Amino acid sequence: MCGNAMRGHFHVARGGDKTIMALHRVSFRLRQTVTHVRSLHTSGGSQQQEAVAAESEPEPLSIFRTQENDPACQSEKHFGQYYTLPSAHVRTVFPHGLPMRYKQQVKTFNEACMMVRPPALEVISSLKKTDNSKPAVRYLFYGLKGSGKTMTLCHTIHFCYTQGWLVLHVPDAHLWVKNCKELLPSSFNSSRYDQPLQATEWLRNFRITNEPFLSKIKTKQRYVWTKRESTEEGSTLGELVDQGITRVKTSSDVVGAVMKELRLQSGQPESDFRLAVAVDGVNALWGRSTIRKMNNTAVDPEELTLVYNLRKLMKNDWTGGAIITTLAQTGAVYTSKYSYLPKELLGEKGFDSMDPFIPVSVPNYSEKEFESCYLYYMDRHWLQYPHSRTEDGKKELIFLSNRNPSMLERICGFH
Amino acid sequence: MAAHTSRAFLSLGRINVPGLGLHKSVSRVTYSTGLSTDSSKATTGSPQKGGKKVLSKKYKREPGDPRTELMPVDQDWTAVYPVATPFIPDAIPLPVRMGCPVKGGAPPEKKGNLELIKIPNFLHLTPAAIKKHCEALKPFCTEWPSALDTDAKCDEHFPIKVETKSYVSAGPSIRNPAARIVHLSVKLSSLNLNDQARKKMLKLVGDRYCKDTDILTITADRCPLKQQNYDYAMYLLTVLYHESWKIEAWEAEKTVADMEEYSWEGSLSQENILDVLVRMKEAGEGEGEEVREQLLGRREVQEYKDSVTRLKNEGENESTMLQYKEAVKKVLKL
């Protein structure tokens, strides 16, 4: 079969000059996939556009990839296609944000490719139109387990970063309400509790992401940490963050101070930055925690400084930015495995606090997206066995994974 | 009971005491045919007392055709099985099989099948037999009132329905303790209740109310006699009705958590949306109260209110979520 002969070429031509092989590849792919593409129920115009675009460009381009790496310029015609994140961006924007399996995949494939999907583009187009003078709008991604909520959030964060926004990313709010090794009573407010380890780690990652802003933003208030240490008014944000990282005991309060400063300053006419608050697993803020006090009673999330300050950020009483959040059942405590809808995960209190928000549903892959993912894994040689290249193999993958992205990724590792 | 125009259901209890004088004659005939060969052996084999040999063989009658062959197809079945009788294979013209099947084969046939005899059968209660019962009971019945020809009319004139069961059985005692249970069912829509009274009534009765059919069912079984239970059930209904109309002083302390349904007015959601709209300066300048009134009158806010109420009352699914999303987008002008 001509298909098998082409496979040999792949091993030779990784990363080098792939024009000739790629042309073969393109034609083979077009023969194989144009039939698939035509039978899918997507808008007729976009299919023709894709087919035409693939044929006309002599560059190594496949149906499932797009060269448009800037999230701001992506549109509906890129639905289902993978775009590559530059590795510099991956290091700075996502020191702690990507899902674990995706990080492993990036390391294996040596590239960070993300699929362009409708929920992300919907929120991105709303973000493009945000008015700086209006209160921050809250977006909430919800969906079944493994349907791609965290990845959609990362896509949106990437957009905010490329547009020059200040990104305040809390990768998993669940980490702050469970498995706390050190719990100190807060010096600022005796009824609250500090979590120095989590706070320091978060500050470190915050510093990596937002280097350029740290020297530009100045504090508007004087913060006194101890009798001898204090941060004066007008000092840069960078100094504040360094204070928190070096003096671990005060790190939770530093996090609170950072959040307060950013909240007050964003949207003001003299500040030129826009704030994007991204929280993954926002239902942890209003749920229960597994941390226990010394007398073995459970700690209410409200009594944790980090959670308390983050809740204040979640309110839409500040302007000049947006709040993008995700629900997560995966790390949640005391929630049923099958719950995924906003009201059941957020609870009454959470829903009333987030109200009004825009819920964005993140569904499983559509047929087109599944095709794209399948081709990508084939291209990356993730699908090893010849059976998975047949129609039967593809049907098997669809049946086993039900087009759920994370299930598909796990299953393809065995096929 | 003549004063109460209610329907009482009779149910005949099963006669489950076999082996009484009723059945003796029938069964002997069946079994004796099967034993005919054995009896001859027994007489010849066993020696008589005193050593005298009895040479006379007992006259053995040839077993005739089973009755099933001789039955006409249009016979009167109620004559074959007039009362509850165990299963007689030669009297029932059906090729019934019952029991554990032999490996690769069929279950055992009906001839000599103990399983068929053990189980209860209702061959004496065929539709033809029931028709005869009804005809026999008709002289004792009164006519159904001609004005009550539809179910709706019955509900309208007789909203309270009382269900009781009585039991007939042959045994040492004719009493059955299960006969004392009385079920009283009534539709709440036929009771004169206003909104507050209805909510209080629902809280008082709890599980006894079915939301789909709007029927309240009171079951009384705490007294030893049916009449006492019936009186108690009517008393309960009266008390519930009067109690739900009373308003106590402490009912004014009803909190949001006690409410049966979500009402948007005065809720956090209303506060939030008004807050947001004021900050977005949608209403222009003005005093607090007027601004609120004006904002509440807007169409987007009304739509938002509907979507939140629907979400909270009906629970969440794709359609309610979508409606909520559209409403929020319109309100926030996105």
# chains A, B, ... in the order shown; residues from 1 in each chain; ligands from 1
call {"tool": "select_by_dssp", "arguments": {"residues": "range 28-263 of chain B", "states": "strand (DSSP E or B)", "output": "PDB file with all heavy atoms, in the first residue's frame"}}
result
ATOM      1  N   LYS B 161     -62.238   9.975  48.297  1.00  0.00           N
ATOM      2  CA  LYS B 161     -62.373   8.558  47.951  1.00  0.00           C
ATOM      3  C   LYS B 161     -61.800   7.730  49.078  1.00  0.00           C
ATOM      4  O   LYS B 161     -60.687   7.955  49.533  1.00  0.00           O
ATOM      5  CB  LYS B 161     -61.606   8.276  46.660  1.00  0.00           C
ATOM      6  CG  LYS B 161     -62.171   9.028  45.479  1.00  0.00           C
ATOM      7  CD  LYS B 161     -61.406   8.659  44.245  1.00  0.00           C
ATOM      8  CE  LYS B 161     -61.765   9.455  43.029  1.00  0.00           C
ATOM      9  NZ  LYS B 161     -62.663  10.545  43.074  1.00  0.00           N
ATOM     10  N   VAL B 162     -62.590   6.751  49.513  1.00  0.00           N
ATOM     11  CA  VAL B 162     -62.151   5.891  50.615  1.00  0.00           C
ATOM     12  C   VAL B 162     -61.952   4.487  50.065  1.00  0.00           C
ATOM     13  O   VAL B 162     -62.836   3.932  49.421  1.00  0.00           O
ATOM     14  CB  VAL B 162     -63.217   5.872  51.732  1.00  0.00           C
ATOM     15  CG1 VAL B 162     -62.792   4.920  52.822  1.00  0.00           C
ATOM     16  CG2 VAL B 162     -63.416   7.261  52.287  1.00  0.00           C
ATOM     17  N   GLU B 163     -60.770   3.919  50.322  1.00  0.00           N
ATOM     18  CA  GLU B 163     -60.482   2.557  49.864  1.00  0.00           C
ATOM     19  C   GLU B 163     -60.331   1.643  51.056  1.00  0.00           C
ATOM     20  O   GLU B 163     -59.538   1.928  51.945  1.00  0.00           O
ATOM     21  CB  GLU B 163     -59.152   2.549  49.105  1.00  0.00           C
ATOM     22  CG  GLU B 163     -59.282   2.629  47.617  1.00  0.00           C
ATOM     23  CD  GLU B 163     -57.923   2.552  46.961  1.00  0.00           C
ATOM     24  OE1 GLU B 163     -57.167   1.598  47.237  1.00  0.00           O
ATOM     25  OE2 GLU B 163     -57.600   3.466  46.188  1.00  0.00           O
ATOM     26  N   THR B 164     -61.086   0.559  51.066  1.00  0.00           N
ATOM     27  CA  THR B 164     -60.887  -0.445  52.122  1.00  0.00           C
ATOM     28  C   THR B 164     -60.876  -1.811  51.469  1.00  0.00           C
ATOM     29  O   THR B 164     -61.404  -1.989  50.378  1.00  0.00           O
ATOM     30  CB  THR B 164     -62.031  -0.428  53.151  1.00  0.00           C
ATOM     31  OG1 THR B 164     -63.260  -0.489  52.433  1.00  0.00           O
ATOM     32  CG2 THR B 164     -62.003   0.810  53.994  1.00  0.00           C
ATOM     33  N   LYS B 165     -60.301  -2.778  52.165  1.00  0.00           N
ATOM     34  CA  LYS B 165     -60.298  -4.147  51.639  1.00  0.00           C
ATOM     35  C   LYS B 165     -60.954  -5.045  52.654  1.00  0.00           C
ATOM     36  O   LYS B 165     -60.673  -4.928  53.850  1.00  0.00           O
ATOM     37  CB  LYS B 165     -58.857  -4.621  51.487  1.00  0.00           C
ATOM     38  CG  LYS B 165     -58.181  -4.223  50.217  1.00  0.00           C
ATOM     39  CD  LYS B 165     -56.880  -4.997  50.106  1.00  0.00           C
ATOM     40  CE  LYS B 165     -56.036  -4.398  49.005  1.00  0.00           C
ATOM     41  NZ  LYS B 165     -54.666  -4.814  49.072  1.00  0.00           N
ATOM     42  N   SER B 166     -61.799  -5.950  52.203  1.00  0.00           N
ATOM     43  CA  SER B 166     -62.307  -6.942  53.147  1.00  0.00           C
ATOM     44  C   SER B 166     -61.906  -8.316  52.647  1.00  0.00           C
ATOM     45  O   SER B 166     -61.725  -8.530  51.454  1.00  0.00           O
ATOM     46  CB  SER B 166     -63.822  -6.836  53.284  1.00  0.00           C
ATOM     47  OG  SER B 166     -64.408  -6.704  52.027  1.00  0.00           O
ATOM     48  N   VAL B 182     -57.604   1.705  56.206  1.00  0.00           N
ATOM     49  CA  VAL B 182     -58.463   2.608  55.428  1.00  0.00           C
ATOM     50  C   VAL B 182     -57.571   3.618  54.726  1.00  0.00           C
ATOM     51  O   VAL B 182     -56.746   4.266  55.354  1.00  0.00           O
ATOM     52  CB  VAL B 182     -59.458   3.343  56.354  1.00  0.00           C
ATOM     53  CG1 VAL B 182     -60.168   4.435  55.600  1.00  0.00           C
ATOM     54  CG2 VAL B 182     -60.446   2.368  56.940  1.00  0.00           C
ATOM     55  N   HIS B 183     -57.711   3.765  53.379  1.00  0.00           N
ATOM     56  CA  HIS B 183     -56.983   4.798  52.621  1.00  0.00           C
ATOM     57  C   HIS B 183     -57.967   5.855  52.196  1.00  0.00           C
ATOM     58  O   HIS B 183     -58.942   5.562  51.516  1.00  0.00           O
ATOM     59  CB  HIS B 183     -56.355   4.194  51.359  1.00  0.00           C
ATOM     60  CG  HIS B 183     -55.412   3.082  51.616  1.00  0.00           C
ATOM     61  ND1 HIS B 183     -54.120   3.288  52.019  1.00  0.00           N
ATOM     62  CD2 HIS B 183     -55.579   1.751  51.531  1.00  0.00           C
ATOM     63  CE1 HIS B 183     -53.530   2.117  52.161  1.00  0.00           C
ATOM     64  NE2 HIS B 183     -54.379   1.175  51.881  1.00  0.00           N
ATOM     65  N   LEU B 184     -57.658   7.103  52.573  1.00  0.00           N
ATOM     66  CA  LEU B 184     -58.544   8.206  52.209  1.00  0.00           C
ATOM     67  C   LEU B 184     -57.776   9.106  51.256  1.00  0.00           C
ATOM     68  O   LEU B 184     -56.723   9.622  51.602  1.00  0.00           O
ATOM     69  CB  LEU B 184     -58.923   8.976  53.478  1.00  0.00           C
ATOM     70  CG  LEU B 184     -60.013  10.023  53.355  1.00  0.00           C
ATOM     71  CD1 LEU B 184     -60.831  10.000  54.639  1.00  0.00           C
ATOM     72  CD2 LEU B 184     -59.450  11.397  53.191  1.00  0.00           C
ATOM     73  N   SER B 185     -58.255   9.299  50.036  1.00  0.00           N
ATOM     74  CA  SER B 185     -57.515  10.155  49.098  1.00  0.00           C
ATOM     75  C   SER B 185     -58.411  11.279  48.628  1.00  0.00           C
ATOM     76  O   SER B 185     -59.600  11.086  48.378  1.00  0.00           O
ATOM     77  CB  SER B 185     -57.003   9.352  47.909  1.00  0.00           C
ATOM     78  OG  SER B 185     -58.016   8.575  47.379  1.00  0.00           O
ATOM     79  N   VAL B 186     -57.798  12.471  48.520  1.00  0.00           N
ATOM     80  CA  VAL B 186     -58.553  13.656  48.108  1.00  0.00           C
ATOM     81  C   VAL B 186     -57.623  14.549  47.297  1.00  0.00           C
ATOM     82  O   VAL B 186     -56.430  14.636  47.579  1.00  0.00           O
ATOM     83  CB  VAL B 186     -59.121  14.396  49.338  1.00  0.00           C
ATOM     84  CG1 VAL B 186     -58.011  14.962  50.207  1.00  0.00           C
ATOM     85  CG2 VAL B 186     -60.061  15.493  48.932  1.00  0.00           C
ATOM     86  N   LYS B 187     -58.161  15.222  46.275  1.00  0.00           N
ATOM     87  CA  LYS B 187     -57.344  16.146  45.476  1.00  0.00           C
ATOM     88  C   LYS B 187     -57.319  17.495  46.183  1.00  0.00           C
ATOM     89  O   LYS B 187     -58.368  18.025  46.559  1.00  0.00           O
ATOM     90  CB  LYS B 187     -57.980  16.331  44.095  1.00  0.00           C
ATOM     91  CG  LYS B 187     -57.612  15.290  43.102  1.00  0.00           C
ATOM     92  CD  LYS B 187     -57.728  15.821  41.687  1.00  0.00           C
ATOM     93  CE  LYS B 187     -56.972  14.892  40.788  1.00  0.00           C
ATOM     94  NZ  LYS B 187     -57.585  14.624  39.546  1.00  0.00           N
ATOM     95  N   TYR B 209     -48.364  13.485  50.073  1.00  0.00           N
ATOM     96  CA  TYR B 209     -48.888  14.221  48.931  1.00  0.00           C
ATOM     97  C   TYR B 209     -48.087  13.856  47.693  1.00  0.00           C
ATOM     98  O   TYR B 209     -46.861  13.820  47.732  1.00  0.00           O
ATOM     99  CB  TYR B 209     -48.785  15.710  49.218  1.00  0.00           C
ATOM    100  CG  TYR B 209     -49.191  16.585  48.068  1.00  0.00           C
ATOM    101  CD1 TYR B 209     -50.518  16.698  47.699  1.00  0.00           C
ATOM    102  CD2 TYR B 209     -48.242  17.299  47.342  1.00  0.00           C
ATOM    103  CE1 TYR B 209     -50.886  17.499  46.644  1.00  0.00           C
ATOM    104  CE2 TYR B 209     -48.607  18.097  46.290  1.00  0.00           C
ATOM    105  CZ  TYR B 209     -49.931  18.199  45.944  1.00  0.00           C
ATOM    106  OH  TYR B 209     -50.299  18.988  44.901  1.00  0.00           O
ATOM    107  N   CYS B 210     -48.804  13.603  46.589  1.00  0.00           N
ATOM    108  CA  CYS B 210     -48.124  13.305  45.333  1.00  0.00           C
ATOM    109  C   CYS B 210     -48.245  14.518  44.436  1.00  0.00           C
ATOM    110  O   CYS B 210     -49.355  14.939  44.096  1.00  0.00           O
ATOM    111  CB  CYS B 210     -48.768  12.090  44.667  1.00  0.00           C
ATOM    112  SG  CYS B 210     -48.152  11.806  43.019  1.00  0.00           S
ATOM    113  N   ILE B 215     -52.773  14.549  44.619  1.00  0.00           N
ATOM    114  CA  ILE B 215     -53.664  13.778  45.498  1.00  0.00           C
ATOM    115  C   ILE B 215     -52.997  13.618  46.851  1.00  0.00           C
ATOM    116  O   ILE B 215     -51.837  13.229  46.954  1.00  0.00           O
ATOM    117  CB  ILE B 215     -53.967  12.386  44.910  1.00  0.00           C
ATOM    118  CG1 ILE B 215     -54.790  12.552  43.640  1.00  0.00           C
ATOM    119  CG2 ILE B 215     -54.753  11.548  45.901  1.00  0.00           C
ATOM    120  CD1 ILE B 215     -55.172  11.240  43.018  1.00  0.00           C
ATOM    121  N   LEU B 216     -53.783  13.918  47.913  1.00  0.00           N
ATOM    122  CA  LEU B 216     -53.316  13.690  49.278  1.00  0.00           C
ATOM    123  C   LEU B 216     -53.919  12.372  49.748  1.00  0.00           C
ATOM    124  O   LEU B 216     -55.135  12.185  49.653  1.00  0.00           O
ATOM    125  CB  LEU B 216     -53.785  14.852  50.155  1.00  0.00           C
ATOM    126  CG  LEU B 216     -53.771  14.645  51.665  1.00  0.00           C
ATOM    127  CD1 LEU B 216     -52.359  14.552  52.156  1.00  0.00           C
ATOM    128  CD2 LEU B 216     -54.494  15.782  52.356  1.00  0.00           C
ATOM    129  N   THR B 217     -53.092  11.461  50.219  1.00  0.00           N
ATOM    130  CA  THR B 217     -53.572  10.140  50.657  1.00  0.00           C
ATOM    131  C   THR B 217     -53.286   9.978  52.135  1.00  0.00           C
ATOM    132  O   THR B 217     -52.142  10.046  52.553  1.00  0.00           O
ATOM    133  CB  THR B 217     -52.840   9.015  49.900  1.00  0.00           C
ATOM    134  OG1 THR B 217     -52.813   9.324  48.526  1.00  0.00           O
ATOM    135  CG2 THR B 217     -53.525   7.696  50.124  1.00  0.00           C
ATOM    136  N   ILE B 218     -54.335   9.770  52.912  1.00  0.00           N
ATOM    137  CA  ILE B 218     -54.150   9.529  54.353  1.00  0.00           C
ATOM    138  C   ILE B 218     -54.473   8.062  54.608  1.00  0.00           C
ATOM    139  O   ILE B 218     -55.570   7.599  54.289  1.00  0.00           O
ATOM    140  CB  ILE B 218     -55.089  10.418  55.183  1.00  0.00           C
ATOM    141  CG1 ILE B 218     -54.795  11.885  54.896  1.00  0.00           C
ATOM    142  CG2 ILE B 218     -54.920  10.138  56.655  1.00  0.00           C
ATOM    143  CD1 ILE B 218     -55.770  12.819  55.572  1.00  0.00           C
ATOM    144  N   THR B 219     -53.543   7.348  55.183  1.00  0.00           N
ATOM    145  CA  THR B 219     -53.754   5.925  55.476  1.00  0.00           C
ATOM    146  C   THR B 219     -53.895   5.769  56.982  1.00  0.00           C
ATOM    147  O   THR B 219     -53.010   6.175  57.733  1.00  0.00           O
ATOM    148  CB  THR B 219     -52.548   5.103  54.998  1.00  0.00           C
ATOM    149  OG1 THR B 219     -52.321   5.391  53.638  1.00  0.00           O
ATOM    150  CG2 THR B 219     -52.820   3.637  55.177  1.00  0.00           C
ATOM    151  N   ALA B 220     -54.995   5.189  57.420  1.00  0.00           N
ATOM    152  CA  ALA B 220     -55.219   5.027  58.863  1.00  0.00           C
ATOM    153  C   ALA B 220     -55.268   3.541  59.168  1.00  0.00           C
ATOM    154  O   ALA B 220     -56.063   2.804  58.556  1.00  0.00           O
ATOM    155  CB  ALA B 220     -56.522   5.701  59.274  1.00  0.00           C
TER     156      ALA B 220
END
call {"tool": "residues_around", "arguments": {"residues": "Glu293 in chain B", "least_positions_apart": "5", "cutoff": "10 Å", "atoms": "only C-alpha atoms", "output": "list in words"}}
result
Leu274, Gly288 and Arg298 of chain B
call {"tool": "residues_around", "arguments": {"residues": "range 137-153 of chain A", "least_positions_apart": "6", "cutoff": "7 Å", "atoms": "only C-alpha atoms", "output": "compact mmCIF listing (two decimals) with C-alpha atoms, in the first residue's frame"}}
result
# COMPACT_ATOMS: atom_id res chain seq x y z
CA ALA A 120 -12.31 29.42 23.74
CA ASP A 280 -9.11 26.81 37.63
CA ASN A 316 -17.04 42.11 39.92
CA ALA A 322 -12.04 40.03 33.03
CA ILE A 323 -12.42 37.02 35.27
CA ILE A 324 -12.16 33.67 33.50
CA THR A 325 -12.80 30.60 35.59
CA THR A 326 -13.27 26.88 35.24
CA LEU A 327 -15.17 24.36 37.26
CA TYR A 340 -20.30 18.83 36.31
CA LEU A 341 -23.04 21.47 36.12
CA PRO A 342 -22.34 24.91 37.60
CA PHE A 357 -21.72 35.15 35.06
CA ILE A 358 -21.54 33.77 31.56
CA PRO A 359 -21.50 29.98 31.59
CA VAL A 360 -19.68 28.53 28.59
CA SER A 361 -20.15 24.86 27.92
CA VAL A 362 -17.10 22.85 26.85
CA PRO A 363 -18.40 19.70 25.18
CA ASN A 364 -16.59 16.56 24.03
CA ASN A 404 -13.84 12.64 25.28
CA PRO A 405 -10.48 14.40 24.84
CA SER A 406 -8.69 13.08 27.90
call {"tool": "closest_residue", "arguments": {"among": "A:Pro135, A:Gly321, A:Pro171, A:Gly413", "to": "Gly281 in chain A", "atoms": "only C-alpha atoms"}}
result
A:Pro171
call {"tool": "closest_atom_pairs", "arguments": {"of": "chain B", "to": "chain A", "cutoff": "12 Å", "atoms": "only C-alpha atoms", "output": "CSV"}}
result
residue,atom,partner,partner_atom,distance
B:Val256,CA,A:Glu348,CA,11.9
B:Ala257,CA,A:Glu348,CA,10.8
B:Tyr262,CA,A:Glu348,CA,11.7
B:Trp264,CA,A:Asp352,CA,11.7
B:Ser267,CA,A:Asp352,CA,9.1
B:Leu268,CA,A:Asp352,CA,6.3
B:Ser269,CA,A:Asp352,CA,6.3
B:Gln270,CA,A:Asp355,CA,9.5
B:Glu271,CA,A:Asp355,CA,10.0
B:Asn272,CA,A:Asp355,CA,7.0
B:Ile273,CA,A:Pro356,CA,6.7
B:Leu274,CA,A:Pro356,CA,10.5
B:Asp275,CA,A:Asp317,CA,8.8
B:Val276,CA,A:Pro135,CA,7.1
B:Leu277,CA,A:Pro135,CA,9.2
B:Val278,CA,A:Pro135,CA,10.2
B:Arg279,CA,A:Pro135,CA,7.0
B:Met280,CA,A:Lys134,CA,5.4
B:Lys281,CA,A:Lys134,CA,8.6
B:Glu282,CA,A:Lys134,CA,10.2
B:Val301,CA,A:Pro356,CA,11.4
B:Tyr304,CA,A:Pro356,CA,9.2
B:Lys305,CA,A:Pro356,CA,10.8
B:Ser307,CA,A:Pro356,CA,11.1
B:Val308,CA,A:Asp355,CA,9.4
B:Leu311,CA,A:Lys343,CA,8.9
B:Lys312,CA,A:Lys343,CA,8.6
B:Asn313,CA,A:Lys343,CA,11.7
B:Glu314,CA,A:Lys343,CA,11.7
B:Gly315,CA,A:Lys343,CA,8.4
B:Glu316,CA,A:Lys343,CA,7.1
B:Asn317,CA,A:Leu341,CA,7.8
B:Glu318,CA,A:Ser361,CA,8.9
B:Ser319,CA,A:Ser361,CA,11.5
B:Thr320,CA,A:Pro359,CA,11.0
B:Met321,CA,A:Pro359,CA,7.3
B:Leu322,CA,A:Pro359,CA,8.1
B:Gln323,CA,A:Pro359,CA,10.3
B:Tyr324,CA,A:Ile358,CA,8.0
B:Lys325,CA,A:Ile358,CA,5.4
B:Glu326,CA,A:Ile358,CA,8.4
B:Ala327,CA,A:Ile358,CA,9.3
B:Val328,CA,A:Pro356,CA,6.4
B:Lys329,CA,A:Ile358,CA,7.1
B:Lys330,CA,A:Ile358,CA,10.7
B:Val331,CA,A:Pro356,CA,9.3
B:Leu332,CA,A:Val137,CA,8.3
B:Lys333,CA,A:Thr130,CA,10.4
B:Leu334,CA,A:Ser126,CA,7.1
call {"tool": "select_by_dssp", "arguments": {"residues": "range 145-340 of chain A", "states": "alpha helix (DSSP H)", "output": "PyMOL selection string"}}
result
chain A and resi 149-162+196-209+211-214+237-246+251-265+305-314
call {"tool": "residues_around", "arguments": {"residues": "Leu168 in chain A", "least_positions_apart": "3", "cutoff": "9 Å", "atoms": "only C-alpha atoms", "output": "count of residues only"}}
result
9
call {"tool": "closest_residue", "arguments": {"among": "B:Val168, B:Ala84, B:Ala233, B:Cys100", "to": "Asn121 in chain B", "atoms": "only C-alpha atoms"}}
result
B:Ala84
call {"tool": "closest_residue", "arguments": {"among": "B:Lys153, B:Lys199, B:Lys226, B:His124", "to": "Ile181 in chain B", "atoms": "only C-alpha atoms"}}
result
B:Lys226
call {"tool": "residues_around", "arguments": {"residues": "His155 in chain A", "least_positions_apart": "6", "cutoff": "10 Å", "atoms": "only C-alpha atoms", "output": "short mmCIF file (atom, residue, chain, number, x, y, z; two decimals) with all heavy atoms, in the first residue's frame"}}
result
data_model
loop_
_atom_site.label_atom_id
_atom_site.label_comp_id
_atom_site.auth_asym_id
_atom_site.auth_seq_id
_atom_site.Cartn_x
_atom_site.Cartn_y
_atom_site.Cartn_z
N PRO A 71 -3.46 33.88 19.03
CA PRO A 71 -4.87 33.64 19.35
C PRO A 71 -5.78 34.78 18.92
O PRO A 71 -6.96 34.57 18.66
CB PRO A 71 -4.88 33.48 20.87
CG PRO A 71 -3.49 33.11 21.22
CD PRO A 71 -2.60 33.74 20.22
N LEU A 85 2.18 26.64 20.27
CA LEU A 85 2.58 27.69 21.20
C LEU A 85 4.09 27.80 21.18
O LEU A 85 4.78 26.79 21.33
CB LEU A 85 2.15 27.32 22.62
CG LEU A 85 0.68 27.44 22.94
CD1 LEU A 85 0.10 26.10 23.28
CD2 LEU A 85 0.49 28.38 24.11
N MET A 114 -2.03 23.24 20.57
CA MET A 114 -3.33 23.29 21.21
C MET A 114 -4.40 23.42 20.14
O MET A 114 -4.21 24.12 19.14
CB MET A 114 -3.37 24.51 22.13
CG MET A 114 -3.96 24.19 23.47
SD MET A 114 -4.36 25.61 24.41
CE MET A 114 -2.83 26.00 25.14
N MET A 115 -5.55 22.78 20.39
CA MET A 115 -6.62 22.83 19.39
C MET A 115 -7.44 24.10 19.58
O MET A 115 -7.73 24.49 20.70
CB MET A 115 -7.51 21.60 19.53
CG MET A 115 -8.34 21.37 18.29
SD MET A 115 -9.66 20.23 18.55
CE MET A 115 -8.83 18.70 18.32
N VAL A 116 -7.85 24.68 18.45
CA VAL A 116 -8.71 25.86 18.50
C VAL A 116 -10.15 25.36 18.56
O VAL A 116 -10.60 24.67 17.66
CB VAL A 116 -8.51 26.72 17.24
CG1 VAL A 116 -9.44 27.90 17.24
CG2 VAL A 116 -7.07 27.17 17.14
N ARG A 117 -10.84 25.68 19.64
CA ARG A 117 -12.20 25.17 19.81
C ARG A 117 -13.18 26.31 20.02
O ARG A 117 -12.80 27.36 20.54
CB ARG A 117 -12.25 24.20 21.00
CG ARG A 117 -11.48 22.92 20.73
CD ARG A 117 -11.59 21.99 21.90
NE ARG A 117 -12.86 21.29 21.89
CZ ARG A 117 -13.27 20.51 22.88
NH1 ARG A 117 -12.54 20.40 23.95
NH2 ARG A 117 -14.42 19.90 22.82
N ALA A 120 -13.40 28.47 23.50
CA ALA A 120 -12.31 29.42 23.74
C ALA A 120 -12.46 30.65 22.87
O ALA A 120 -12.31 31.79 23.33
CB ALA A 120 -10.96 28.74 23.46
N LEU A 121 -12.79 30.42 21.59
CA LEU A 121 -12.90 31.57 20.69
C LEU A 121 -14.06 32.46 21.07
O LEU A 121 -14.00 33.69 20.89
CB LEU A 121 -13.05 31.09 19.24
CG LEU A 121 -11.74 30.68 18.58
CD1 LEU A 121 -11.91 30.56 17.09
CD2 LEU A 121 -10.66 31.70 18.86
N ILE A 124 -12.76 34.52 23.84
CA ILE A 124 -11.72 35.44 23.35
C ILE A 124 -12.37 36.60 22.59
O ILE A 124 -11.95 37.76 22.73
CB ILE A 124 -10.71 34.67 22.46
CG1 ILE A 124 -9.82 33.80 23.36
CG2 ILE A 124 -9.86 35.62 21.66
CD1 ILE A 124 -8.85 32.95 22.60
N LYS A 149 -11.70 21.68 29.71
CA LYS A 149 -11.93 23.00 30.30
C LYS A 149 -10.61 23.69 30.63
O LYS A 149 -10.42 24.87 30.32
CB LYS A 149 -12.75 22.86 31.59
CG LYS A 149 -14.05 22.14 31.39
CD LYS A 149 -14.80 22.01 32.69
CE LYS A 149 -14.25 20.95 33.59
NZ LYS A 149 -14.57 19.59 33.16
N TYR A 161 -2.14 37.00 27.40
CA TYR A 161 -0.72 37.30 27.50
C TYR A 161 -0.21 37.96 26.23
O TYR A 161 0.53 38.95 26.27
CB TYR A 161 0.05 36.00 27.77
CG TYR A 161 1.53 36.19 27.90
CD1 TYR A 161 2.09 36.70 29.07
CD2 TYR A 161 2.39 35.88 26.85
CE1 TYR A 161 3.44 36.87 29.19
CE2 TYR A 161 3.75 36.05 26.97
CZ TYR A 161 4.27 36.55 28.13
OH TYR A 161 5.61 36.73 28.24
#
call {"tool": "residues_around", "arguments": {"residues": "Tyr241 in chain B", "least_positions_apart": "5", "cutoff": "12 Å", "atoms": "only C-alpha atoms", "output": "PyMOL selection string"}}
result
chain B and resi 186+188+190-194+197-202+204-205+216+234-236+246
call {"tool": "atom_distance", "arguments": {"atom1": "CA of Val80 in chain B", "atom2": "CA of Gly171 in chain B"}}
result
25.4 Å
call {"tool": "residues_around", "arguments": {"residues": "Asn69 in chain A", "least_positions_apart": "6", "cutoff": "12 Å", "atoms": "only C-alpha atoms", "output": "list in words"}}
result
Ser75, His78, Gln81, Tyr82, Tyr83, Thr84, Leu85, Pro86, Ser87, His89, Ala112, Cys113, Met114, Met115, Val116, His155, His158, Phe159 and Thr162 of chain A
call {"tool": "atom_distance", "arguments": {"atom1": "CA of Gln265 in chain A", "atom2": "CA of Ser191 in chain A"}}
result
27.9 Å
